[in-house]
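**Student:** Structure file my_file-v7.csv, CSV, C-alpha atoms, is pasted below:
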chain,number,residue,atom,x,y,z
A,1,MET,CA,-24.6,-0.9,-6.5
A,2,ILE,CA,-23.6,-4.2,-4.9
A,3,LYS,CA,-25.5,-4.9,-1.7
A,4,ILE,CA,-23.7,-5.8,1.5
A,5,THR,CA,-24.9,-8.8,3.6
A,6,PRO,CA,-25.1,-8.9,7.4
A,7,ASN,CA,-22.1,-11.4,7.5
A,8,GLU,CA,-20.1,-9.1,5.4
A,9,ILE,CA,-20.9,-6.2,7.7
A,10,ASP,CA,-19.7,-8.2,10.6
A,11,ALA,CA,-16.4,-9.0,8.9
A,12,ILE,CA,-15.7,-5.5,7.6
A,13,SER,CA,-16.7,-3.7,10.8
A,14,ARG,CA,-14.2,-5.9,12.7
A,15,TYR,CA,-11.5,-5.2,10.1
A,16,ILE,CA,-12.1,-1.5,10.3
A,17,TYR,CA,-12.0,-1.6,14.0
A,18,ASP,CA,-8.7,-3.5,14.0
A,19,ILE,CA,-7.0,-1.1,11.6
A,20,SER,CA,-8.4,2.2,12.9
A,21,GLY,CA,-10.2,1.8,16.2
A,22,ILE,CA,-13.4,3.2,14.6
A,23,PHE,CA,-16.4,1.3,15.9
A,24,LEU,CA,-19.3,1.3,13.3
A,25,ASP,CA,-22.9,0.7,14.0
A,26,LYS,CA,-23.6,-2.6,12.3
A,27,ASN,CA,-27.2,-1.6,11.7
A,28,LYS,CA,-26.2,1.2,9.3
A,29,THR,CA,-26.0,-0.8,6.1
A,30,TYR,CA,-26.2,2.4,4.0
A,31,LEU,CA,-23.1,3.7,5.6
A,32,PHE,CA,-21.0,0.7,4.5
A,33,GLU,CA,-22.4,0.8,1.0
A,34,THR,CA,-22.2,4.5,0.4
A,35,ARG,CA,-18.6,4.8,1.8
A,36,LEU,CA,-17.1,1.6,0.4
A,37,SER,CA,-19.0,0.9,-2.9
A,38,SER,CA,-16.5,2.9,-5.0
A,39,ILE,CA,-13.6,0.9,-3.6
A,40,VAL,CA,-15.5,-2.4,-4.3
A,41,GLU,CA,-15.8,-1.2,-7.9
A,42,GLU,CA,-12.3,0.1,-8.2
A,43,PHE,CA,-10.7,-3.2,-7.3
A,44,GLY,CA,-13.1,-5.3,-9.3
A,45,CYS,CA,-14.7,-7.0,-6.4
A,46,LYS,CA,-18.0,-8.9,-6.8
A,47,SER,CA,-18.8,-8.7,-3.1
A,48,TYR,CA,-17.8,-6.9,0.1
A,49,TYR,CA,-16.4,-10.1,1.3
A,50,GLU,CA,-14.0,-10.2,-1.6
A,51,LEU,CA,-12.9,-6.6,-0.8
A,52,HIS,CA,-12.3,-7.7,2.8
A,53,THR,CA,-10.2,-10.6,1.6
A,54,LYS,CA,-8.2,-8.5,-0.8
A,55,ALA,CA,-7.6,-5.8,1.8
A,56,LYS,CA,-6.2,-8.3,4.3
A,57,ALA,CA,-3.9,-9.9,1.7
A,58,ASP,CA,-2.7,-6.6,0.3
A,59,ASN,CA,0.9,-6.2,1.7
A,60,SER,CA,1.1,-2.7,0.1
A,61,LYS,CA,-1.7,-1.5,2.4
A,62,VAL,CA,-3.2,0.4,-0.5
A,63,ILE,CA,-6.7,-0.9,0.0
A,64,GLU,CA,-6.4,-0.5,3.7
A,65,ARG,CA,-5.6,3.2,3.3
A,66,LYS,CA,-8.4,3.7,0.9
A,67,ILE,CA,-10.9,2.1,3.3
A,68,ILE,CA,-9.7,4.3,6.1
A,69,ASP,CA,-9.9,7.4,3.9
A,70,ALA,CA,-13.5,6.5,3.0
A,71,ILE,CA,-14.7,5.5,6.4
A,72,SER,CA,-13.1,8.2,8.6
A,73,THR,CA,-15.4,11.2,8.9
A,74,ASN,CA,-13.7,14.3,7.5
A,75,GLU,CA,-16.5,16.7,8.2
A,76,THR,CA,-14.9,19.9,9.2
A,77,LEU,CA,-14.8,23.6,8.6
A,78,PHE,CA,-12.9,26.7,9.7
A,79,PHE,CA,-13.7,27.9,13.2
A,80,ARG,CA,-16.2,25.0,13.7
A,81,ASP,CA,-18.7,25.7,16.5
A,82,LYS,CA,-16.9,29.1,17.2
A,83,GLY,CA,-17.1,28.5,21.0
A,84,PRO,CA,-13.8,26.6,21.3
A,85,PHE,CA,-12.0,29.2,19.3
A,86,GLU,CA,-13.4,32.1,21.4
A,87,LEU,CA,-12.3,30.1,24.4
A,88,LEU,CA,-8.8,29.7,22.9
A,89,GLN,CA,-8.5,33.4,22.1
A,90,HIS,CA,-9.8,34.9,25.3
A,91,LYS,CA,-9.0,32.4,28.0
A,92,LEU,CA,-6.6,29.5,27.1
A,93,LEU,CA,-4.0,31.3,25.1
A,94,PRO,CA,-3.6,34.3,27.3
A,95,GLU,CA,-3.2,32.1,30.4
A,96,ILE,CA,-0.6,29.8,28.7
A,97,ILE,CA,1.3,32.9,27.4
A,98,ASP,CA,1.4,34.3,31.0
A,99,ALA,CA,2.4,30.9,32.5
A,100,ARG,CA,5.1,30.3,29.9
A,101,ALA,CA,6.7,33.8,29.8
A,102,PRO,CA,10.4,33.3,30.4
A,103,GLY,CA,12.3,35.1,33.1
A,104,SER,CA,14.8,36.5,30.7
A,105,LEU,CA,14.1,38.9,27.8
A,106,ASN,CA,16.6,36.9,25.7
A,107,LEU,CA,14.5,33.7,25.8
A,108,LYS,CA,11.4,32.8,23.8
A,109,THR,CA,8.0,31.8,25.0
A,110,ASN,CA,7.3,28.1,24.1
A,111,ILE,CA,3.8,27.1,23.2
A,112,LYS,CA,2.7,23.7,21.9
A,113,ILE,CA,-0.8,22.9,20.7
A,114,TRP,CA,-2.0,19.6,19.2
A,115,SER,CA,-5.1,19.1,17.0
A,116,SER,CA,-5.4,15.4,17.5
A,117,ALA,CA,-8.0,14.7,14.8
A,118,SER,CA,-7.2,17.5,12.4
A,119,SER,CA,-8.9,16.1,9.3
A,120,THR,CA,-8.1,18.3,6.3
A,121,GLY,CA,-6.5,21.0,8.5
A,122,GLN,CA,-9.2,23.6,9.0
A,123,GLU,CA,-9.1,23.3,12.8
A,124,LEU,CA,-5.3,23.7,13.1
A,125,TYR,CA,-5.2,26.6,10.6
A,126,SER,CA,-8.0,28.3,12.5
A,127,ILE,CA,-5.8,28.0,15.7
A,128,ALA,CA,-2.8,29.4,13.8
A,129,ILE,CA,-4.9,32.4,12.6
A,130,ILE,CA,-6.1,33.1,16.1
A,131,ILE,CA,-2.5,33.0,17.4
A,132,LYS,CA,-1.4,35.4,14.6
A,133,GLU,CA,-4.2,37.8,15.4
A,134,LEU,CA,-3.4,37.7,19.1
A,135,ILE,CA,0.3,37.9,18.7
A,136,PRO,CA,1.2,39.8,15.5
A,137,ASP,CA,4.9,39.7,16.2
A,138,LEU,CA,5.8,36.0,16.8
A,139,SER,CA,9.6,36.7,16.9
A,140,ARG,CA,9.6,36.2,20.7
A,141,PHE,CA,7.6,33.0,20.6
A,142,ASN,CA,8.5,29.4,19.7
A,143,ILE,CA,5.1,28.1,18.5
A,144,ARG,CA,4.6,24.4,17.7
A,145,LEU,CA,1.3,23.5,16.2
A,146,LEU,CA,0.8,19.8,15.4
A,147,GLY,CA,-2.1,18.3,13.5
A,148,THR,CA,-2.7,14.5,13.3
A,149,ASP,CA,-5.2,12.3,11.5
A,150,ILE,CA,-5.6,8.7,10.5
A,151,SER,CA,-6.4,9.5,6.8
A,152,ASP,CA,-3.6,9.8,4.3
A,153,ASN,CA,-5.7,12.0,2.0
A,154,ALA,CA,-6.7,14.3,4.9
A,155,VAL,CA,-3.1,14.8,6.0
A,156,SER,CA,-2.0,15.4,2.4
A,157,GLN,CA,-4.6,18.1,1.8
A,158,ALA,CA,-3.9,19.7,5.2
A,159,SER,CA,-0.2,19.8,4.6
A,160,TYR,CA,-0.7,21.5,1.3
A,161,GLY,CA,-3.3,24.0,2.7
A,162,LYS,CA,-5.3,24.2,-0.5
A,163,TYR,CA,-9.1,24.5,-0.4
A,164,ASN,CA,-11.9,24.8,-2.9
A,165,LYS,CA,-14.6,27.4,-2.9
A,166,PHE,CA,-17.1,25.3,-0.9
A,167,GLU,CA,-14.5,24.5,1.8
A,168,ILE,CA,-13.1,28.0,2.1
A,169,GLU,CA,-16.6,29.6,2.5
A,170,ARG,CA,-17.4,27.2,5.4
A,171,GLY,CA,-16.8,29.3,8.6
A,172,LEU,CA,-14.0,31.6,7.3
A,173,PRO,CA,-14.8,35.3,7.5
A,174,GLN,CA,-14.0,37.3,4.3
A,175,ALA,CA,-11.5,39.5,6.2
A,176,GLN,CA,-9.4,36.5,7.2
A,177,LEU,CA,-9.8,34.9,3.8
A,178,ARG,CA,-8.2,37.9,2.1
A,179,LYS,CA,-5.6,38.3,4.9
A,180,TYR,CA,-4.4,34.7,5.2
A,181,PHE,CA,-5.2,33.0,1.9
A,182,GLN,CA,-4.2,33.6,-1.7
A,183,PRO,CA,-6.1,32.6,-4.9
A,184,ALA,CA,-4.7,29.6,-6.8
A,185,GLY,CA,-6.8,29.0,-9.8
A,186,ASP,CA,-10.2,27.8,-8.6
A,187,PHE,CA,-8.8,27.2,-5.1
A,188,TRP,CA,-7.5,29.2,-2.2
A,189,LYS,CA,-4.1,28.4,-0.6
A,190,ILE,CA,-3.0,29.3,2.9
A,191,ARG,CA,-0.2,31.9,3.0
A,192,ASP,CA,3.3,30.8,3.9
A,193,GLU,CA,3.3,32.8,7.2
A,194,ILE,CA,0.5,30.6,8.5
A,195,ARG,CA,1.6,27.4,6.7
A,196,GLY,CA,5.0,27.7,8.3
A,197,MET,CA,3.5,27.6,11.8
A,198,VAL,CA,1.9,24.1,11.5
A,199,ASN,CA,3.0,20.6,10.9
A,200,PHE,CA,0.8,17.6,10.0
A,201,ARG,CA,1.4,13.9,10.3
A,202,LYS,CA,-0.5,10.6,10.0
A,203,MET,CA,-1.4,9.1,13.4
A,204,ASN,CA,-3.8,6.4,14.7
A,205,LEU,CA,-5.1,7.6,18.1
A,206,MET,CA,-5.5,3.9,19.1
A,207,ALA,CA,-1.7,3.3,18.6
A,208,PRO,CA,0.9,4.2,21.3
A,209,PHE,CA,1.8,7.9,21.5
A,210,VAL,CA,5.5,8.0,20.6
A,211,GLY,CA,7.7,11.1,20.7
A,212,LEU,CA,4.9,13.6,21.1
A,213,GLY,CA,6.2,15.3,24.3
A,214,LYS,CA,4.0,17.6,26.4
A,215,PHE,CA,1.4,20.0,25.0
A,216,ASP,CA,0.0,23.2,26.5
A,217,ILE,CA,-3.4,22.8,24.7
A,218,ILE,CA,-4.9,19.7,23.1
A,219,PHE,CA,-7.9,19.7,20.9
A,220,CYS,CA,-9.6,16.3,20.6
A,221,ARG,CA,-13.1,17.2,19.2
A,222,ASN,CA,-15.7,14.9,17.7
A,223,VAL,CA,-13.4,11.8,17.2
A,224,ALA,CA,-13.8,9.8,20.4
A,225,ILE,CA,-17.5,9.4,19.6
A,226,TYR,CA,-16.5,6.8,17.1
A,227,PHE,CA,-14.7,4.7,19.7
A,228,THR,CA,-16.0,2.2,22.2
A,229,LEU,CA,-16.1,3.3,25.9
A,230,GLN,CA,-13.1,1.1,26.7
A,231,ASP,CA,-11.1,2.8,23.9
A,232,ARG,CA,-12.2,6.3,25.0
A,233,VAL,CA,-10.8,5.5,28.4
A,234,LYS,CA,-7.5,4.4,26.9
A,235,LEU,CA,-7.4,7.5,24.6
A,236,PHE,CA,-8.0,10.1,27.2
A,237,ASN,CA,-5.6,8.5,29.6
A,238,LYS,CA,-2.9,8.7,26.9
A,239,ILE,CA,-3.9,12.3,26.2
A,240,ALA,CA,-3.6,13.1,29.9
A,241,ASP,CA,0.0,11.8,29.8
A,242,CYS,CA,0.7,14.2,26.9
A,243,LEU,CA,-0.8,17.3,28.5
A,244,ALA,CA,1.2,19.7,30.7
A,245,ASP,CA,0.1,19.8,34.3
A,246,ASP,CA,-1.4,23.2,33.8
A,247,GLY,CA,-2.5,22.6,30.3
A,248,PHE,CA,-6.0,22.6,28.7
A,249,LEU,CA,-8.0,20.0,26.9
A,250,VAL,CA,-10.9,20.9,24.5
A,251,ILE,CA,-13.3,18.2,23.4
A,252,GLY,CA,-16.5,18.4,21.3
A,253,SER,CA,-19.5,20.4,22.6
A,254,THR,CA,-21.7,17.3,22.8
A,255,GLU,CA,-19.0,15.2,24.5
A,256,SER,CA,-18.2,14.6,28.1
A,257,LEU,CA,-15.4,12.9,30.1
A,258,THR,CA,-17.7,12.0,33.0
A,259,GLY,CA,-17.2,8.3,33.6
A,260,VAL,CA,-14.4,8.2,31.0
A,261,CYS,CA,-11.3,9.7,32.6
A,262,PRO,CA,-11.3,10.8,36.2
A,263,ARG,CA,-7.9,12.4,35.7
A,264,PHE,CA,-9.7,15.4,34.2
A,265,VAL,CA,-12.0,17.9,35.7
A,266,PRO,CA,-14.4,20.1,33.7
A,267,LYS,CA,-14.2,23.9,34.0
A,268,ARG,CA,-16.4,26.6,32.4
A,269,HIS,CA,-15.6,29.9,30.8
A,270,LEU,CA,-18.7,31.8,29.7
A,271,ARG,CA,-20.6,29.3,27.5
A,272,SER,CA,-17.7,26.9,26.9
A,273,ILE,CA,-16.4,23.8,28.8
A,274,PHE,CA,-12.8,22.8,28.9
A,275,TYR,CA,-10.8,20.3,31.0
A,276,GLN,CA,-7.7,20.3,33.1
A,277,LYS,CA,-5.9,17.6,35.0
A,278,LYS,CA,-6.6,17.2,38.7
Could you take the file, read its structure, and then write that structure out as C-alpha cells?

**Tutor:**
Amino acid sequence: MIKITPNEIDAISRYIYDISGIFLDKNKTYLFETRLSSIVEEFGCKSYYELHTKAKADNSKVIERKIIDAISTNETLFFRDKGPFELLQHKLLPEIIDARAPGSLNLKTNIKIWSSASSTGQELYSIAIIIKELIPDLSRFNIRLLGTDISDNAVSQASYGKYNKFEIERGLPQAQLRKYFQPAGDFWKIRDEIRGMVNFRKMNLMAPFVGLGKFDIIFCRNVAIYFTLQDRVKLFNKIADCLADDGFLVIGSTESLTGVCPRFVPKRHLRSIFYQKK
C-alpha cells in the first residue's frame, strides 16, 4: 500500500472539505489510506498527491465522486438506535397527523418527512415502514418522504432498495422483513408499496437548499459531527428554514444543538430528545 505523507494529507483534506464539507482529522493517517488506497491504485497513481492532481483536473468528476463515496461514512442499519423511531411512532407522527388533519373529509392529510443524510436508505425505509404500520390505509394521506445523501453509490442503492443478507439482518425484525421485503436471489428487495412512498436524490448539505419546501419532520442524524462548528451553524439554520413552525427535528443521540443554533429548543419524550423551533 502506498503511504500518504503529511503534506498530501493537508492537500487532500482541504480538497475533500471543498467538495463535500466533510472535515477530516489530519492525524488519522490510517483513515486516508484505508479509504482512498483503492482509488489510488485504480487510477494508476504513484502517490496521493498525484490522485489529488488528477481529481482536480478531471472535468468528468468521476474521481471526485469516487472520493466522496469512499470518504463519506455510510454506516447505517434499519431502525438504528431504536429511540428515534419509537419517538416517531408514538409522539411525532400522531401529533403531525392531528395538526395536519384537513377540515373537509374530501381533502387528504399532507405529511412531509426528510431524511437529510439517508445513506443507503435504511433510515427512510424504516420511517416508511412505521408510517405503514401506523396508517394501514394511506388513501386519505399524501405522504412525501425524501432521502438525500452526498454519495452517488448510496443514493443509487437506496433508490433500488436492494440489500444483502448482512444489511437486511441489521436491525430489521423478521416479521417486518417478511412483510415488507421480497427475496431477490441472494438479496432482499423492498416491496413496491414501500418503495413507492419514498424518493431519493443526491444533495450536498453544505450547498444551498433549493426547492425543498417545508417539512413536518426532519431527521439529521450523525452527519453534522463531520462538519466544523461554523458549518454546523450554517447547516442547522438552513434546516430551520425548511422546517414547519410546528415541525420536529431529530438529531443523533450523542449530538446537541446547544451553542450551535439558538433557533431550536430541545424537548424530551420519555428517553428521547427532539427539537422544535422557538

**Student:** Considering all atoms listed in the file, can you say which of A:Glu75, A:Asp149, A:Glu41, A:Glu133 comes closest to A:Ser20?

**Tutor:**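 Distance minimum relative to A:Ser20 lands on A:Asp149.
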
**Student:** Could you tell me how far atom CA of A:Leu105 sits from atom CA of A:Ile127, in Å to one decimal place?

**Tutor:**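 We find that atom CA of A:Ile127 and atom CA of A:Leu105 lie 25.7 Å from each other.
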
**Student:** Counting only C-alpha atoms, what is within 9 Å of stretch 244-253 of chain A, bar same-chain residues fewer than 6 positions away, as a JSON list (two decimals) with C-alpha atoms, in the coordinates of the input?

**Tutor:**
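Heads up, here's the output in result_0.json:
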[["chain", "number", "residue", "atom", "x", "y", "z"],
["A", 81, "ASP", "CA", -18.70, 25.70, 16.50],
["A", 83, "GLY", "CA", -17.10, 28.50, 21.00],
["A", 84, "PRO", "CA", -13.80, 26.60, 21.30],
["A", 92, "LEU", "CA", -6.60, 29.50, 27.10],
["A", 96, "ILE", "CA", -0.60, 29.80, 28.70],
["A", 99, "ALA", "CA", 2.40, 30.90, 32.50],
["A", 214, "LYS", "CA", 4.00, 17.60, 26.40],
["A", 215, "PHE", "CA", 1.40, 20.00, 25.00],
["A", 216, "ASP", "CA", 0.00, 23.20, 26.50],
["A", 217, "ILE", "CA", -3.40, 22.80, 24.70],
["A", 218, "ILE", "CA", -4.90, 19.70, 23.10],
["A", 219, "PHE", "CA", -7.90, 19.70, 20.90],
["A", 220, "CYS", "CA", -9.60, 16.30, 20.60],
["A", 221, "ARG", "CA", -13.10, 17.20, 19.20],
["A", 222, "ASN", "CA", -15.70, 14.90, 17.70],
["A", 223, "VAL", "CA", -13.40, 11.80, 17.20],
["A", 224, "ALA", "CA", -13.80, 9.80, 20.40],
["A", 264, "PHE", "CA", -9.70, 15.40, 34.20],
["A", 272, "SER", "CA", -17.70, 26.90, 26.90],
["A", 273, "ILE", "CA", -16.40, 23.80, 28.80],
["A", 274, "PHE", "CA", -12.80, 22.80, 28.90],
["A", 275, "TYR", "CA", -10.80, 20.30, 31.00],
["A", 276, "GLN", "CA", -7.70, 20.30, 33.10],
["A", 277, "LYS", "CA", -5.90, 17.60, 35.00],
["A", 278, "LYS", "CA", -6.60, 17.20, 38.70]]

**Student:** Considering only C-alpha atoms, state which residue in the set A:Ser139, A:Gln89, A:Ser38, A:Ser47 is at the smallest distance from A:Lys3.

**Tutor:**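 Once distances to A:Lys3 are computed over only C-alpha atoms, the minimum belongs to A:Ser47.
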
**Student:** Could you name the residues that touch A:Phe141 at 8 Å or less, counting only C-alpha atoms, but leaving out those on the same chain fewer than 6 positions away, as a PyMOL selection string?

**Tutor:** chain A and resi 108-111

**Student:** List every residue of stretch 28-75 of chain A that has an atom at most 9 Å from any atom of stretch 9-18 of chain A, and for each one report the closest atom pair and its distance in Å to one decimal, counting only C-alpha atoms, with rows sorted by chain and then by increasing residue number, as JSON lines.

**Tutor:**
{"residue": "A:Thr29", "atom": "CA", "partner": "A:Ile9", "partner_atom": "CA", "distance": 7.6}
{"residue": "A:Phe32", "atom": "CA", "partner": "A:Ile9", "partner_atom": "CA", "distance": 7.6}
{"residue": "A:Tyr48", "atom": "CA", "partner": "A:Ile12", "partner_atom": "CA", "distance": 7.9}
{"residue": "A:Tyr49", "atom": "CA", "partner": "A:Ala11", "partner_atom": "CA", "distance": 7.7}
{"residue": "A:Leu51", "atom": "CA", "partner": "A:Ile12", "partner_atom": "CA", "distance": 8.9}
{"residue": "A:His52", "atom": "CA", "partner": "A:Ile12", "partner_atom": "CA", "distance": 6.3}
{"residue": "A:Lys56", "atom": "CA", "partner": "A:Tyr15", "partner_atom": "CA", "distance": 8.4}
{"residue": "A:Glu64", "atom": "CA", "partner": "A:Ile16", "partner_atom": "CA", "distance": 8.8}
{"residue": "A:Ile67", "atom": "CA", "partner": "A:Ile16", "partner_atom": "CA", "distance": 8.0}
{"residue": "A:Ile68", "atom": "CA", "partner": "A:Ile16", "partner_atom": "CA", "distance": 7.6}
{"residue": "A:Ile71", "atom": "CA", "partner": "A:Ile16", "partner_atom": "CA", "distance": 8.4}

**Student:** For A:Lys238, find every residue with an atom within 10 Å (counting all atoms listed in the file), except residues of its own chain fewer than 4 positions away, and show them as a list of chain:residue names.

**Tutor:**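 Counting only the stated atoms, we get A:Leu205, A:Met206, A:Ala207, A:Pro208, A:Phe209, A:Arg232, A:Val233, A:Lys234, A:Cys242, A:Leu243.
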
**Student:** In Å, rounded to a single decimal, give me how far atom CA of A:Lys112 is from atom CA of A:Ile143.

**Tutor:** 6.1 Å

**Student:** Is there a way to complete stretch 177-190 of chain A with N, CA, C and O atoms and then write that out as a PDB file, keeping the file's coordinate frame?

**Tutor:**
ATOM      1  N   LEU A 177     -10.063  35.535   5.094  1.00  0.00           N
ATOM      2  CA  LEU A 177      -9.800  34.900   3.800  1.00  0.00           C
ATOM      3  C   LEU A 177      -8.792  35.764   3.017  1.00  0.00           C
ATOM      4  O   LEU A 177      -7.776  35.266   2.512  1.00  0.00           O
ATOM      5  N   ARG A 178      -9.067  37.033   2.908  1.00  0.00           N
ATOM      6  CA  ARG A 178      -8.200  37.900   2.100  1.00  0.00           C
ATOM      7  C   ARG A 178      -6.831  38.098   2.804  1.00  0.00           C
ATOM      8  O   ARG A 178      -5.811  38.276   2.123  1.00  0.00           O
ATOM      9  N   LYS A 179      -6.802  38.031   4.131  1.00  0.00           N
ATOM     10  CA  LYS A 179      -5.600  38.300   4.900  1.00  0.00           C
ATOM     11  C   LYS A 179      -4.635  37.074   4.882  1.00  0.00           C
ATOM     12  O   LYS A 179      -3.407  37.227   4.809  1.00  0.00           O
ATOM     13  N   TYR A 180      -5.206  35.881   4.965  1.00  0.00           N
ATOM     14  CA  TYR A 180      -4.400  34.700   5.200  1.00  0.00           C
ATOM     15  C   TYR A 180      -4.384  33.654   4.087  1.00  0.00           C
ATOM     16  O   TYR A 180      -3.708  32.639   4.197  1.00  0.00           O
ATOM     17  N   PHE A 181      -5.132  33.924   3.014  1.00  0.00           N
ATOM     18  CA  PHE A 181      -5.200  33.000   1.900  1.00  0.00           C
ATOM     19  C   PHE A 181      -4.881  33.763   0.596  1.00  0.00           C
ATOM     20  O   PHE A 181      -5.113  34.972   0.512  1.00  0.00           O
ATOM     21  N   GLN A 182      -4.411  33.045  -0.403  1.00  0.00           N
ATOM     22  CA  GLN A 182      -4.200  33.600  -1.700  1.00  0.00           C
ATOM     23  C   GLN A 182      -4.841  32.753  -2.774  1.00  0.00           C
ATOM     24  O   GLN A 182      -4.869  31.535  -2.643  1.00  0.00           O
ATOM     25  N   PRO A 183      -5.395  33.358  -3.826  1.00  0.00           N
ATOM     26  CA  PRO A 183      -6.100  32.600  -4.900  1.00  0.00           C
ATOM     27  C   PRO A 183      -5.047  31.706  -5.613  1.00  0.00           C
ATOM     28  O   PRO A 183      -3.923  32.112  -5.859  1.00  0.00           O
ATOM     29  N   ALA A 184      -5.499  30.490  -5.965  1.00  0.00           N
ATOM     30  CA  ALA A 184      -4.700  29.600  -6.800  1.00  0.00           C
ATOM     31  C   ALA A 184      -5.604  28.883  -7.749  1.00  0.00           C
ATOM     32  O   ALA A 184      -6.097  27.786  -7.510  1.00  0.00           O
ATOM     33  N   GLY A 185      -5.880  29.559  -8.859  1.00  0.00           N
ATOM     34  CA  GLY A 185      -6.800  29.000  -9.800  1.00  0.00           C
ATOM     35  C   GLY A 185      -8.233  29.060  -9.238  1.00  0.00           C
ATOM     36  O   GLY A 185      -8.727  30.090  -8.783  1.00  0.00           O
ATOM     37  N   ASP A 186      -8.869  27.892  -9.225  1.00  0.00           N
ATOM     38  CA  ASP A 186     -10.200  27.800  -8.600  1.00  0.00           C
ATOM     39  C   ASP A 186     -10.156  27.493  -7.148  1.00  0.00           C
ATOM     40  O   ASP A 186     -11.200  27.238  -6.526  1.00  0.00           O
ATOM     41  N   PHE A 187      -8.976  27.535  -6.563  1.00  0.00           N
ATOM     42  CA  PHE A 187      -8.800  27.200  -5.100  1.00  0.00           C
ATOM     43  C   PHE A 187      -8.218  28.392  -4.393  1.00  0.00           C
ATOM     44  O   PHE A 187      -7.864  29.424  -4.975  1.00  0.00           O
ATOM     45  N   TRP A 188      -8.128  28.210  -3.086  1.00  0.00           N
ATOM     46  CA  TRP A 188      -7.500  29.200  -2.200  1.00  0.00           C
ATOM     47  C   TRP A 188      -6.383  28.428  -1.426  1.00  0.00           C
ATOM     48  O   TRP A 188      -6.624  27.337  -0.921  1.00  0.00           O
ATOM     49  N   LYS A 189      -5.213  29.043  -1.314  1.00  0.00           N
ATOM     50  CA  LYS A 189      -4.100  28.400  -0.600  1.00  0.00           C
ATOM     51  C   LYS A 189      -3.671  29.252   0.567  1.00  0.00           C
ATOM     52  O   LYS A 189      -3.577  30.478   0.475  1.00  0.00           O
ATOM     53  N   ILE A 190      -3.424  28.584   1.695  1.00  0.00           N
ATOM     54  CA  ILE A 190      -3.000  29.300   2.900  1.00  0.00           C
ATOM     55  C   ILE A 190      -1.663  29.960   2.664  1.00  0.00           C
ATOM     56  O   ILE A 190      -0.785  29.425   1.979  1.00  0.00           O
TER      57      ILE A 190
END
